[in-house]
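**Q** I am attaching a structure below and will ask some questions about it afterwards.
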Amino acid sequence: MNTFLDFISFRDPNVIYVVLGMLFVNTSSALIGTFAFLRKRALIGDAIAHSLLPGLCLGFLVAGEKNLIFLLIGAFVTGWLSTFAVDIIVNRTKVKQDAAIGIVLSTFFALGIVLLTYIQQNAGGEQAGLDHFLFGQAAAINRSDVWVFGVIVVLIIAVVGIFYRSFVVVCFNPDFARSVGLPVRTIEFLITSMTVLAIASGIQALGVILMSALIITPGAAARLWSHRLPRILLLAVIFSVVSGIGGAYVSYAKAGMPTGPWVVMFLSIIVFLSIMLAPNRGIVSRISRARRNERKILQENILKAYYQYHEKKQTKKLDQLLTIDQILSIRNFDTSDLMKGIKKLKREGFMLQEGTTYALTTPGQKESKRVARLHRLWEQYLLKRTQIDTDHVHSGAEAIEHIITPELEKELEKELGIEGIPDEDY
Amino acid sequence: MKKEVSVEVHNLTATYGGRPVLWDIDFSLPAGQIIGIIGPNGSGKTTLLKAIMGILEPSSGYVKVFDKPLDEVRERVAYVPQRESVDWDFPASVFDVVMMGRYRKSNLLKRTNKADVEIVEKSIEKVGLTEFKNRQISQLSGGQQQRVFIARALAQKADIYLMDEPFVGVDAATESSILSILQEMRKEGKTVLIIHHDLQTVSEYFDYLVLLNTRLVAKGTLQEVLTKENLSNAYGGQLTLLAKVVDIIKKTEFPIREKDVDL
């Protein structure tokens with residue numbers, strides 16, 4: 001608990017740097033990553049991230065120390081080379097993009113590991129911590145790093161803001177963008193460069209292996225929650241920053257814990273929750289929609305059974321009290337479902353109970369007639385417009401009667417020229 | 001007086017992965033007509049439109065629009081890509097996509113102005129999608145999506161419209177909406193090039209035809225193009241020799257044109 005208080009109260013100045021660092025890095029990568037995701041180039045992020053390692057090592061070898069600017073320049077160069085290599089392989093050979101990404105990613109990463117091992121065996125103490133670039137160590141972020149990340153995030157926000165329209169049109173429909181004379185190549189170059197920059201700024205905290213998660217995942221999760229791009233961008237940033245700071249906290253509280261994997265764990269939880277809970281597309285809302293439909297079908301079937309019962313007895317008014325067995329004689333409901341349905345209908349004012357018998361209220365009678373009518377209108381429609389045998393129309397109409405909206409009902413009425421409830425029942 | 005030329009294609013050759021898709025295409029098209037581009041699958045129809053729009057770099061030859069290089073007259077040309085060429089799950093509304101018709105190289109960094117908004121709303125109205133203006137494009141039917149693309153082209157306020165298969169997979173409402181827009185364009189003296197694959201409806205829709213199968217097979221009025229000989233040349237497998245040569249070129253990576261030949 002004390003570490004938590006230390007963390008959120010910023011008593012430790014290092015915590016301020018870490019939190020600011022994560023805020024900047026994750027904002028950068030979530031913003032530009034969402035565009036990469038929308039361009040269906042998300043996996044390129046993975047190739048870029050792995051390809052930064054040789055560049056970092058070269059940057060270190062040139063500078064002779066862990067100078068962030070040198071490391072970033074090296075990383076930026078090899079990161080960029082990797083996307084270039086992927087494009088060349090795709091354009092000049094028969095190798096498809098997924099395979100090209102795999103080839104480039106592993107080649108650059110292998111080269112990086114070779115260089116890293118060489119440095120660890122040959123350089124002195126100044127190389128300590130270079131291996132943190134594999135899995136990330138947010139605790140290593142210091143004051144001057146925060147400045148660099150700050151400049152990068154401001155740059156990326158500015159570029160996204162200024163070029164927003166071009167980014168959107170190039171991501172959605174590059175052929176069209178070219179047809180109106182937009183400099184599509186330049187815009188794509190800009191998106192790629194910003195992606196490389198965002199990834200490069202994040203490797204210290206997240207590590208080359210897992211950094212791609214910060215490009216791909218926030219946008220993918222945010223897409224589940226909204227159809228509006230500005231909102232998706234905002235959500236992606238929030239998801240990413242929350243996970244980033246969460247991961248930084250764990251690695252702060254448990255010294256030696258790498259940050260990258262923890263950030264990705266938090267991100268994964270957000271993705272999981274998004275898949276479950278997202279409106280309309282989420283699993284929970286799908287299940288509840290299915291439940292709602294089932295309930296509606298059950299209730300309308302009970303109401304319709306009353307109509308059928310009265311029709312059999314040739315009484316015009318639907319006001320008879322029926323026992324459960326009488327209802328079951330019309331339609332073979334599952335008894336416990338039937339009781340649940342009746343309870344719901346009573347609560348909604350469509351049915352009333354007298355002892356062990358049940359009757360329809362006035363609104364219930366109206367509903368009952370409506371359902372019967374829809375069923376038979378649909379039967380008539382099928383018979384008129386399609387080649388279907390009379391012994392098959394009933395089952396088709398059984399499901400459709402619950403779906404037909406008042407507008408469709410009017411159209412059916414107009415097309416068939418039928419008022420009231422058709423007598424024929426199939 | 002000579003009739004005005006809308007599009008002039010000069011000796012155009014385009015290859016895809018070493019295989020010639022368009023070969024020595026050379027024609028000029030009249031202005032102010034509804035022109036159908038027809039030909040079998042894989043005959044290079046889409047490639048031709050893309051080459052005219054400068055989306056695709058031809059291996060040789062050039063295109064002129066209203067007697068000028070495309071770059072000088074881009075604002076007078078609108079392009080409607082195939083509906084399936086984009087991901088309709090992209091997070092954008094009908095309004096957002098139609099607004100793209102107002103994008104120019106010169107105004108990309110600016111905000112939209114009132115005049116643009118007005119043009120966009122009028123275009124949406126013309127295709128009958130006003131009530132769906134703020135609807136997400138993923139929630140539209142195929143026909144409605146096609147109308148969004150048409151509205152975007154209308155918002156470009158162009159003189160030439162190039163449409164890639166606008167009638168494919170659309171409902172009756174969309175078809176009649178597109179047809180009435182075409183009538184209006186004809187009245188206003190606009191030129192429309194439409195890629196079409198349904199020979200049944202060709203004579204209903206078009207004034208002028210271009211019949212293509214890697215090479216130009218025929219072009220002209222309906223009577224001139226729709227002859228038995230032309231159609232069997234394009235569709236009837238009469239060009240098998242041409243196809244064989246194309247395959248050899250691809251396999252051997254043979255150059256399609258000798259360097260010292262004058263164009």
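Labels used: A, B, ... for chains in the order of the structure tokens, numbers from 1 for residues in each chain, and numbers from 1 for ligands as shown.
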Write out as an NGL selection string every residue belonging to chain B that has an atom at most 6 Å from any atom of chain A, counting only C-alpha atoms.
**A** :B and (53 or 55 or 91 or 105)
**Q** Hey, what's within 12 Å of range 405-413 of chain A if we count only C-alpha atoms and toss same-chain stuff fewer than 4 positions away? As an NGL selection string, please?
**A** :A and (370-371 or 373-382 or 384-385 or 400-401 or 417-422)
**Q** State, in Å with one decimal place, the distance from CA of Tyr426 in chain A to CA of Met351 in chain A.
**A** 26.8 Å
**Q** As a ChimeraX atom specification, please: every residue in range 10-133 of chain B that DSSP puts in strand (DSSP E).
**A** /B:10-16,19-30,34-38,60-65,68-69,77-80
**Q** So the first atom is CA of Glu294 in chain A and the second is CA of Ala399 in chain A; what is the distance between them in Å, to one decimal place?
**A**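 Result for CA of Glu294 in chain A versus CA of Ala399 in chain A: 10.9 Å, one decimal.
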**Q** So that I can see what lies close to range 31-36 of chain A, please list as a PDB file with all heavy atoms, in the first residue's frame the residues with an atom at most 9 Å from it, counting only C-alpha atoms and leaving out residues fewer than 4 positions away in the same chain.
**A**
```pdb
ATOM      1  N   ASN A  26       2.922   6.614 -24.811  1.00  0.00           N
ATOM      2  CA  ASN A  26       1.714   5.868 -25.154  1.00  0.00           C
ATOM      3  C   ASN A  26       0.739   6.712 -25.953  1.00  0.00           C
ATOM      4  O   ASN A  26       0.009   6.192 -26.804  1.00  0.00           O
ATOM      5  CB  ASN A  26       1.047   5.326 -23.888  1.00  0.00           C
ATOM      6  CG  ASN A  26       1.877   4.223 -23.264  1.00  0.00           C
ATOM      7  OD1 ASN A  26       3.098   4.218 -23.389  1.00  0.00           O
ATOM      8  ND2 ASN A  26       1.222   3.279 -22.616  1.00  0.00           N
ATOM      9  N   THR A  27       0.716   8.018 -25.703  1.00  0.00           N
ATOM     10  CA  THR A  27      -0.126   8.884 -26.521  1.00  0.00           C
ATOM     11  C   THR A  27       0.368   8.871 -27.971  1.00  0.00           C
ATOM     12  O   THR A  27      -0.418   8.688 -28.899  1.00  0.00           O
ATOM     13  CB  THR A  27      -0.103  10.328 -25.982  1.00  0.00           C
ATOM     14  OG1 THR A  27      -0.520  10.296 -24.618  1.00  0.00           O
ATOM     15  CG2 THR A  27      -1.041  11.221 -26.765  1.00  0.00           C
ATOM     16  N   LYS A  40      -4.728  -1.138 -42.278  1.00  0.00           N
ATOM     17  CA  LYS A  40      -4.473  -2.577 -42.297  1.00  0.00           C
ATOM     18  C   LYS A  40      -2.975  -2.847 -42.406  1.00  0.00           C
ATOM     19  O   LYS A  40      -2.550  -3.792 -43.048  1.00  0.00           O
ATOM     20  CB  LYS A  40      -5.187  -3.270 -43.452  1.00  0.00           C
ATOM     21  CG  LYS A  40      -6.602  -2.806 -43.647  1.00  0.00           C
ATOM     22  CD  LYS A  40      -7.523  -3.996 -43.736  1.00  0.00           C
ATOM     23  CE  LYS A  40      -8.974  -3.602 -43.826  1.00  0.00           C
ATOM     24  NZ  LYS A  40      -9.471  -2.890 -42.676  1.00  0.00           N
ATOM     25  N   ARG A  41      -2.184  -1.957 -41.798  1.00  0.00           N
ATOM     26  CA  ARG A  41      -0.746  -2.155 -41.821  1.00  0.00           C
ATOM     27  C   ARG A  41      -0.238  -2.384 -40.401  1.00  0.00           C
ATOM     28  O   ARG A  41       0.916  -2.108 -40.094  1.00  0.00           O
ATOM     29  CB  ARG A  41      -0.045  -0.915 -42.398  1.00  0.00           C
ATOM     30  CG  ARG A  41      -0.498  -0.491 -43.780  1.00  0.00           C
ATOM     31  CD  ARG A  41       0.020  -1.413 -44.872  1.00  0.00           C
ATOM     32  NE  ARG A  41       1.463  -1.398 -44.963  1.00  0.00           N
ATOM     33  CZ  ARG A  41       2.155  -0.698 -45.828  1.00  0.00           C
ATOM     34  NH1 ARG A  41       1.548   0.040 -46.717  1.00  0.00           N
ATOM     35  NH2 ARG A  41       3.465  -0.748 -45.857  1.00  0.00           N
ATOM     36  N   ALA A  42      -1.113  -2.875 -39.529  1.00  0.00           N
ATOM     37  CA  ALA A  42      -0.765  -2.967 -38.118  1.00  0.00           C
ATOM     38  C   ALA A  42       0.484  -3.826 -37.891  1.00  0.00           C
ATOM     39  O   ALA A  42       1.343  -3.492 -37.086  1.00  0.00           O
ATOM     40  CB  ALA A  42      -1.949  -3.523 -37.326  1.00  0.00           C
ATOM     41  N   LEU A  43       0.572  -4.927 -38.633  1.00  0.00           N
ATOM     42  CA  LEU A  43       1.701  -5.833 -38.385  1.00  0.00           C
ATOM     43  C   LEU A  43       3.045  -5.221 -38.767  1.00  0.00           C
ATOM     44  O   LEU A  43       4.088  -5.629 -38.265  1.00  0.00           O
ATOM     45  CB  LEU A  43       1.506  -7.146 -39.139  1.00  0.00           C
ATOM     46  CG  LEU A  43       0.878  -8.249 -38.294  1.00  0.00           C
ATOM     47  CD1 LEU A  43       0.853  -9.543 -39.065  1.00  0.00           C
ATOM     48  CD2 LEU A  43       1.615  -8.431 -36.976  1.00  0.00           C
ATOM     49  N   ILE A  44       2.998  -4.235 -39.664  1.00  0.00           N
ATOM     50  CA  ILE A  44       4.232  -3.534 -40.005  1.00  0.00           C
ATOM     51  C   ILE A  44       4.854  -2.977 -38.725  1.00  0.00           C
ATOM     52  O   ILE A  44       6.084  -2.951 -38.577  1.00  0.00           O
ATOM     53  CB  ILE A  44       3.936  -2.373 -40.988  1.00  0.00           C
ATOM     54  CG1 ILE A  44       3.475  -2.921 -42.317  1.00  0.00           C
ATOM     55  CG2 ILE A  44       5.143  -1.474 -41.138  1.00  0.00           C
ATOM     56  CD1 ILE A  44       4.570  -3.205 -43.298  1.00  0.00           C
ATOM     57  N   GLY A  45       4.006  -2.553 -37.802  1.00  0.00           N
ATOM     58  CA  GLY A  45       4.494  -2.034 -36.527  1.00  0.00           C
ATOM     59  C   GLY A  45       5.390  -3.045 -35.827  1.00  0.00           C
ATOM     60  O   GLY A  45       6.398  -2.688 -35.210  1.00  0.00           O
ATOM     61  N   ILE A 156       3.991  14.568 -33.026  1.00  0.00           N
ATOM     62  CA  ILE A 156       3.007  13.637 -33.597  1.00  0.00           C
ATOM     63  C   ILE A 156       1.592  14.204 -33.510  1.00  0.00           C
ATOM     64  O   ILE A 156       0.815  14.122 -34.462  1.00  0.00           O
ATOM     65  CB  ILE A 156       3.128  12.249 -32.927  1.00  0.00           C
ATOM     66  CG1 ILE A 156       4.406  11.579 -33.436  1.00  0.00           C
ATOM     67  CG2 ILE A 156       1.914  11.372 -33.235  1.00  0.00           C
ATOM     68  CD1 ILE A 156       4.695  10.228 -32.853  1.00  0.00           C
ATOM     69  N   ILE A 157       1.255  14.816 -32.370  1.00  0.00           N
ATOM     70  CA  ILE A 157      -0.076  15.425 -32.260  1.00  0.00           C
ATOM     71  C   ILE A 157      -0.237  16.510 -33.322  1.00  0.00           C
ATOM     72  O   ILE A 157      -1.276  16.602 -33.988  1.00  0.00           O
ATOM     73  CB  ILE A 157      -0.302  16.007 -30.843  1.00  0.00           C
ATOM     74  CG1 ILE A 157      -0.430  14.870 -29.827  1.00  0.00           C
ATOM     75  CG2 ILE A 157      -1.572  16.872 -30.817  1.00  0.00           C
ATOM     76  CD1 ILE A 157      -0.474  15.336 -28.382  1.00  0.00           C
ATOM     77  N   VAL A 160      -0.657  14.832 -36.813  1.00  0.00           N
ATOM     78  CA  VAL A 160      -1.981  14.229 -36.956  1.00  0.00           C
ATOM     79  C   VAL A 160      -3.037  15.320 -37.087  1.00  0.00           C
ATOM     80  O   VAL A 160      -3.957  15.231 -37.904  1.00  0.00           O
ATOM     81  CB  VAL A 160      -2.295  13.292 -35.763  1.00  0.00           C
ATOM     82  CG1 VAL A 160      -3.765  12.901 -35.763  1.00  0.00           C
ATOM     83  CG2 VAL A 160      -1.418  12.053 -35.828  1.00  0.00           C
ATOM     84  N   PHE A 167      -4.685  12.061 -43.879  1.00  0.00           N
ATOM     85  CA  PHE A 167      -4.504  10.726 -43.312  1.00  0.00           C
ATOM     86  C   PHE A 167      -5.771   9.902 -43.500  1.00  0.00           C
ATOM     87  O   PHE A 167      -5.727   8.742 -43.899  1.00  0.00           O
ATOM     88  CB  PHE A 167      -4.180  10.816 -41.821  1.00  0.00           C
ATOM     89  CG  PHE A 167      -2.737  11.167 -41.526  1.00  0.00           C
ATOM     90  CD1 PHE A 167      -1.915  11.657 -42.517  1.00  0.00           C
ATOM     91  CD2 PHE A 167      -2.211  11.001 -40.256  1.00  0.00           C
ATOM     92  CE1 PHE A 167      -0.591  11.979 -42.263  1.00  0.00           C
ATOM     93  CE2 PHE A 167      -0.892  11.314 -39.982  1.00  0.00           C
ATOM     94  CZ  PHE A 167      -0.081  11.812 -40.986  1.00  0.00           C
ATOM     95  N   VAL A 168      -6.921  10.513 -43.214  1.00  0.00           N
ATOM     96  CA  VAL A 168      -8.177   9.767 -43.296  1.00  0.00           C
ATOM     97  C   VAL A 168      -8.432   9.312 -44.728  1.00  0.00           C
ATOM     98  O   VAL A 168      -8.728   8.142 -44.967  1.00  0.00           O
ATOM     99  CB  VAL A 168      -9.358  10.619 -42.784  1.00  0.00           C
ATOM    100  CG1 VAL A 168     -10.674   9.917 -43.060  1.00  0.00           C
ATOM    101  CG2 VAL A 168      -9.199  10.888 -41.299  1.00  0.00           C
ATOM    102  N   CYS A 171      -6.010   6.562 -45.770  1.00  0.00           N
ATOM    103  CA  CYS A 171      -6.295   5.275 -45.127  1.00  0.00           C
ATOM    104  C   CYS A 171      -7.543   4.628 -45.716  1.00  0.00           C
ATOM    105  O   CYS A 171      -7.599   3.424 -45.891  1.00  0.00           O
ATOM    106  CB  CYS A 171      -6.511   5.444 -43.618  1.00  0.00           C
ATOM    107  SG  CYS A 171      -5.018   5.876 -42.729  1.00  0.00           S
ATOM    108  N   ILE A 191       3.093   9.105 -42.549  1.00  0.00           N
ATOM    109  CA  ILE A 191       2.485   8.175 -41.581  1.00  0.00           C
ATOM    110  C   ILE A 191       3.537   7.163 -41.119  1.00  0.00           C
ATOM    111  O   ILE A 191       3.693   6.906 -39.924  1.00  0.00           O
ATOM    112  CB  ILE A 191       1.269   7.430 -42.193  1.00  0.00           C
ATOM    113  CG1 ILE A 191       0.164   8.423 -42.550  1.00  0.00           C
ATOM    114  CG2 ILE A 191       0.735   6.381 -41.213  1.00  0.00           C
ATOM    115  CD1 ILE A 191      -1.060   7.782 -43.188  1.00  0.00           C
ATOM    116  N   THR A 192       4.287   6.607 -42.084  1.00  0.00           N
ATOM    117  CA  THR A 192       5.298   5.619 -41.724  1.00  0.00           C
ATOM    118  C   THR A 192       6.362   6.233 -40.820  1.00  0.00           C
ATOM    119  O   THR A 192       6.762   5.648 -39.804  1.00  0.00           O
ATOM    120  CB  THR A 192       5.958   5.038 -42.989  1.00  0.00           C
ATOM    121  OG1 THR A 192       4.937   4.582 -43.854  1.00  0.00           O
ATOM    122  CG2 THR A 192       6.880   3.900 -42.646  1.00  0.00           C
ATOM    123  N   MET A 194       6.166   8.803 -38.821  1.00  0.00           N
ATOM    124  CA  MET A 194       5.630   9.053 -37.478  1.00  0.00           C
ATOM    125  C   MET A 194       5.490   7.746 -36.699  1.00  0.00           C
ATOM    126  O   MET A 194       5.702   7.701 -35.497  1.00  0.00           O
ATOM    127  CB  MET A 194       4.269   9.755 -37.573  1.00  0.00           C
ATOM    128  CG  MET A 194       4.332  11.182 -38.065  1.00  0.00           C
ATOM    129  SD  MET A 194       5.381  12.242 -37.057  1.00  0.00           S
ATOM    130  CE  MET A 194       6.605  12.730 -38.237  1.00  0.00           C
ATOM    131  N   THR A 195       5.113   6.668 -37.420  1.00  0.00           N
ATOM    132  CA  THR A 195       4.995   5.371 -36.753  1.00  0.00           C
ATOM    133  C   THR A 195       6.361   4.922 -36.233  1.00  0.00           C
ATOM    134  O   THR A 195       6.488   4.486 -35.076  1.00  0.00           O
ATOM    135  CB  THR A 195       4.435   4.312 -37.735  1.00  0.00           C
ATOM    136  OG1 THR A 195       3.289   4.849 -38.383  1.00  0.00           O
ATOM    137  CG2 THR A 195       4.057   3.044 -37.005  1.00  0.00           C
ATOM    138  N   ALA A 198       7.294   7.012 -33.223  1.00  0.00           N
ATOM    139  CA  ALA A 198       6.529   6.657 -32.022  1.00  0.00           C
ATOM    140  C   ALA A 198       7.062   5.357 -31.428  1.00  0.00           C
ATOM    141  O   ALA A 198       7.220   5.237 -30.202  1.00  0.00           O
ATOM    142  CB  ALA A 198       5.045   6.513 -32.370  1.00  0.00           C
ATOM    143  N   SER A 212       5.174  -3.392 -30.344  1.00  0.00           N
ATOM    144  CA  SER A 212       4.153  -3.353 -31.395  1.00  0.00           C
ATOM    145  C   SER A 212       2.745  -3.392 -30.806  1.00  0.00           C
ATOM    146  O   SER A 212       1.804  -2.899 -31.413  1.00  0.00           O
ATOM    147  CB  SER A 212       4.341  -4.516 -32.356  1.00  0.00           C
ATOM    148  OG  SER A 212       4.128  -5.728 -31.686  1.00  0.00           O
ATOM    149  N   LEU A 214       1.618  -1.659 -28.527  1.00  0.00           N
ATOM    150  CA  LEU A 214       1.162  -0.288 -28.310  1.00  0.00           C
ATOM    151  C   LEU A 214       0.705   0.388 -29.588  1.00  0.00           C
ATOM    152  O   LEU A 214      -0.002   1.377 -29.564  1.00  0.00           O
ATOM    153  CB  LEU A 214       2.290   0.545 -27.676  1.00  0.00           C
ATOM    154  CG  LEU A 214       2.020   0.919 -26.232  1.00  0.00           C
ATOM    155  CD1 LEU A 214       1.976  -0.316 -25.380  1.00  0.00           C
ATOM    156  CD2 LEU A 214       3.032   1.896 -25.727  1.00  0.00           C
ATOM    157  N   ILE A 215       1.151  -0.152 -30.727  1.00  0.00           N
ATOM    158  CA  ILE A 215       0.717   0.395 -32.010  1.00  0.00           C
ATOM    159  C   ILE A 215      -0.629  -0.209 -32.408  1.00  0.00           C
ATOM    160  O   ILE A 215      -1.536   0.483 -32.833  1.00  0.00           O
ATOM    161  CB  ILE A 215       1.777   0.080 -33.102  1.00  0.00           C
ATOM    162  CG1 ILE A 215       3.062   0.849 -32.823  1.00  0.00           C
ATOM    163  CG2 ILE A 215       1.258   0.367 -34.494  1.00  0.00           C
ATOM    164  CD1 ILE A 215       2.975   2.330 -33.060  1.00  0.00           C
ATOM    165  N   ILE A 216      -0.728  -1.529 -32.234  1.00  0.00           N
ATOM    166  CA  ILE A 216      -1.890  -2.246 -32.759  1.00  0.00           C
ATOM    167  C   ILE A 216      -3.078  -2.206 -31.817  1.00  0.00           C
ATOM    168  O   ILE A 216      -4.198  -1.867 -32.185  1.00  0.00           O
ATOM    169  CB  ILE A 216      -1.519  -3.733 -33.015  1.00  0.00           C
ATOM    170  CG1 ILE A 216      -0.344  -3.825 -33.979  1.00  0.00           C
ATOM    171  CG2 ILE A 216      -2.710  -4.498 -33.534  1.00  0.00           C
ATOM    172  CD1 ILE A 216       0.278  -5.211 -34.055  1.00  0.00           C
ATOM    173  N   THR A 217      -2.823  -2.579 -30.542  1.00  0.00           N
ATOM    174  CA  THR A 217      -3.924  -2.914 -29.646  1.00  0.00           C
ATOM    175  C   THR A 217      -4.839  -1.749 -29.259  1.00  0.00           C
ATOM    176  O   THR A 217      -6.052  -1.920 -29.281  1.00  0.00           O
ATOM    177  CB  THR A 217      -3.369  -3.604 -28.382  1.00  0.00           C
ATOM    178  OG1 THR A 217      -2.375  -4.536 -28.801  1.00  0.00           O
ATOM    179  CG2 THR A 217      -4.438  -4.336 -27.640  1.00  0.00           C
ATOM    180  N   PRO A 218      -4.316  -0.568 -28.889  1.00  0.00           N
ATOM    181  CA  PRO A 218      -5.247   0.475 -28.444  1.00  0.00           C
ATOM    182  C   PRO A 218      -6.281   0.833 -29.513  1.00  0.00           C
ATOM    183  O   PRO A 218      -7.473   0.919 -29.214  1.00  0.00           O
ATOM    184  CB  PRO A 218      -4.335   1.661 -28.132  1.00  0.00           C
ATOM    185  CG  PRO A 218      -3.000   1.077 -27.889  1.00  0.00           C
ATOM    186  CD  PRO A 218      -2.914  -0.122 -28.780  1.00  0.00           C
ATOM    187  N   GLY A 219      -5.843   0.988 -30.748  1.00  0.00           N
ATOM    188  CA  GLY A 219      -6.772   1.328 -31.820  1.00  0.00           C
ATOM    189  C   GLY A 219      -7.783   0.220 -32.062  1.00  0.00           C
ATOM    190  O   GLY A 219      -8.970   0.479 -32.247  1.00  0.00           O
ATOM    191  N   ALA A 220      -7.296  -1.018 -32.029  1.00  0.00           N
ATOM    192  CA  ALA A 220      -8.204  -2.149 -32.266  1.00  0.00           C
ATOM    193  C   ALA A 220      -9.264  -2.234 -31.182  1.00  0.00           C
ATOM    194  O   ALA A 220     -10.439  -2.469 -31.461  1.00  0.00           O
ATOM    195  CB  ALA A 220      -7.404  -3.448 -32.340  1.00  0.00           C
ATOM    196  N   ALA A 222     -10.276   0.293 -29.221  1.00  0.00           N
ATOM    197  CA  ALA A 222     -11.128   1.487 -29.270  1.00  0.00           C
ATOM    198  C   ALA A 222     -12.146   1.379 -30.402  1.00  0.00           C
ATOM    199  O   ALA A 222     -13.273   1.854 -30.270  1.00  0.00           O
ATOM    200  CB  ALA A 222     -10.276   2.740 -29.461  1.00  0.00           C
ATOM    201  N   ARG A 223     -11.765   0.725 -31.507  1.00  0.00           N
ATOM    202  CA  ARG A 223     -12.673   0.579 -32.646  1.00  0.00           C
ATOM    203  C   ARG A 223     -13.954  -0.133 -32.251  1.00  0.00           C
ATOM    204  O   ARG A 223     -15.019   0.101 -32.816  1.00  0.00           O
ATOM    205  CB  ARG A 223     -11.961  -0.206 -33.759  1.00  0.00           C
ATOM    206  CG  ARG A 223     -12.775  -0.441 -35.001  1.00  0.00           C
ATOM    207  CD  ARG A 223     -13.001   0.856 -35.745  1.00  0.00           C
ATOM    208  NE  ARG A 223     -13.918   0.704 -36.868  1.00  0.00           N
ATOM    209  CZ  ARG A 223     -15.228   0.852 -36.794  1.00  0.00           C
ATOM    210  NH1 ARG A 223     -15.786   1.146 -35.639  1.00  0.00           N
ATOM    211  NH2 ARG A 223     -15.997   0.722 -37.861  1.00  0.00           N
ATOM    212  N   ILE A 232     -12.551   7.368 -31.462  1.00  0.00           N
ATOM    213  CA  ILE A 232     -11.678   6.189 -31.451  1.00  0.00           C
ATOM    214  C   ILE A 232     -10.259   6.596 -31.067  1.00  0.00           C
ATOM    215  O   ILE A 232      -9.607   5.947 -30.247  1.00  0.00           O
ATOM    216  CB  ILE A 232     -11.687   5.508 -32.835  1.00  0.00           C
ATOM    217  CG1 ILE A 232     -13.059   4.897 -33.104  1.00  0.00           C
ATOM    218  CG2 ILE A 232     -10.602   4.443 -32.929  1.00  0.00           C
ATOM    219  CD1 ILE A 232     -13.243   4.378 -34.513  1.00  0.00           C
ATOM    220  N   LEU A 233      -9.790   7.709 -31.635  1.00  0.00           N
ATOM    221  CA  LEU A 233      -8.434   8.176 -31.327  1.00  0.00           C
ATOM    222  C   LEU A 233      -8.306   8.503 -29.849  1.00  0.00           C
ATOM    223  O   LEU A 233      -7.341   8.109 -29.185  1.00  0.00           O
ATOM    224  CB  LEU A 233      -8.093   9.406 -32.178  1.00  0.00           C
ATOM    225  CG  LEU A 233      -7.872   9.137 -33.667  1.00  0.00           C
ATOM    226  CD1 LEU A 233      -7.805  10.438 -34.449  1.00  0.00           C
ATOM    227  CD2 LEU A 233      -6.600   8.338 -33.881  1.00  0.00           C
ATOM    228  N   LEU A 234      -9.316   9.211 -29.320  1.00  0.00           N
ATOM    229  CA  LEU A 234      -9.267   9.592 -27.906  1.00  0.00           C
ATOM    230  C   LEU A 234      -9.266   8.354 -27.012  1.00  0.00           C
ATOM    231  O   LEU A 234      -8.460   8.230 -26.081  1.00  0.00           O
ATOM    232  CB  LEU A 234     -10.462  10.493 -27.580  1.00  0.00           C
ATOM    233  CG  LEU A 234     -10.526  10.990 -26.140  1.00  0.00           C
ATOM    234  CD1 LEU A 234      -9.376  11.948 -25.889  1.00  0.00           C
ATOM    235  CD2 LEU A 234     -11.855  11.670 -25.849  1.00  0.00           C
ATOM    236  N   ALA A 236      -8.363   5.315 -27.780  1.00  0.00           N
ATOM    237  CA  ALA A 236      -7.110   4.575 -27.941  1.00  0.00           C
ATOM    238  C   ALA A 236      -6.038   5.171 -27.041  1.00  0.00           C
ATOM    239  O   ALA A 236      -5.287   4.448 -26.366  1.00  0.00           O
ATOM    240  CB  ALA A 236      -6.664   4.606 -29.411  1.00  0.00           C
ATOM    241  N   VAL A 237      -5.974   6.498 -27.013  1.00  0.00           N
ATOM    242  CA  VAL A 237      -4.982   7.161 -26.170  1.00  0.00           C
ATOM    243  C   VAL A 237      -5.246   6.850 -24.692  1.00  0.00           C
ATOM    244  O   VAL A 237      -4.322   6.509 -23.942  1.00  0.00           O
ATOM    245  CB  VAL A 237      -4.990   8.686 -26.432  1.00  0.00           C
ATOM    246  CG1 VAL A 237      -4.195   9.411 -25.355  1.00  0.00           C
ATOM    247  CG2 VAL A 237      -4.450   8.985 -27.812  1.00  0.00           C
TER     248      VAL A 237
END
```
**Q** Counting only C-alpha atoms, what is within 8 Å of Phe90 in chain B, bar same-chain residues fewer than 2 positions away, as a ChimeraX atom specification?
**A** /A:38,172 /B:87-88,92,137-138
**Q** Residues within 7 Å of range 198-211 of chain B, please, as a list in words. Count only C-alpha atoms; anything in the same chain fewer than 5 positions from it doesn't count.
**A**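 Counting only the stated atoms, we get Gln33, Ile34, Ile35, Gly36, Ile37, Ile38, Gly39, Leu216, Val217, Ala218, Lys219, Gly220, Thr221, Leu222 and Val225 of chain B.
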**Q** Just the residues within 9 Å of Thr112 in chain B, please, counting only C-alpha atoms, with nothing from its chain fewer than 3 positions along; format it as a ChimeraX atom specification.
**A** /B:99,102,107,115-117
**Q** Using only C-alpha atoms, which protein or nucleic acid residues come within 9 Å of Lys45 in chain B? Drop anything in the same chain fewer than 4 positions from it, and give the result as a VMD selection string.
**A** chain B and resid 22 37 to 41 49 to 50 164 195 to 196 212 to 214
**Q** If you run DSSP on the backbone here, which positions in range 73-254 of chain B get alpha helix (DSSP H)? Please write them as a PyMOL selection string.
**A** chain B and resi 73+94-99+114-126+142-155+172-187+202-205+222-225+228-235+240-252
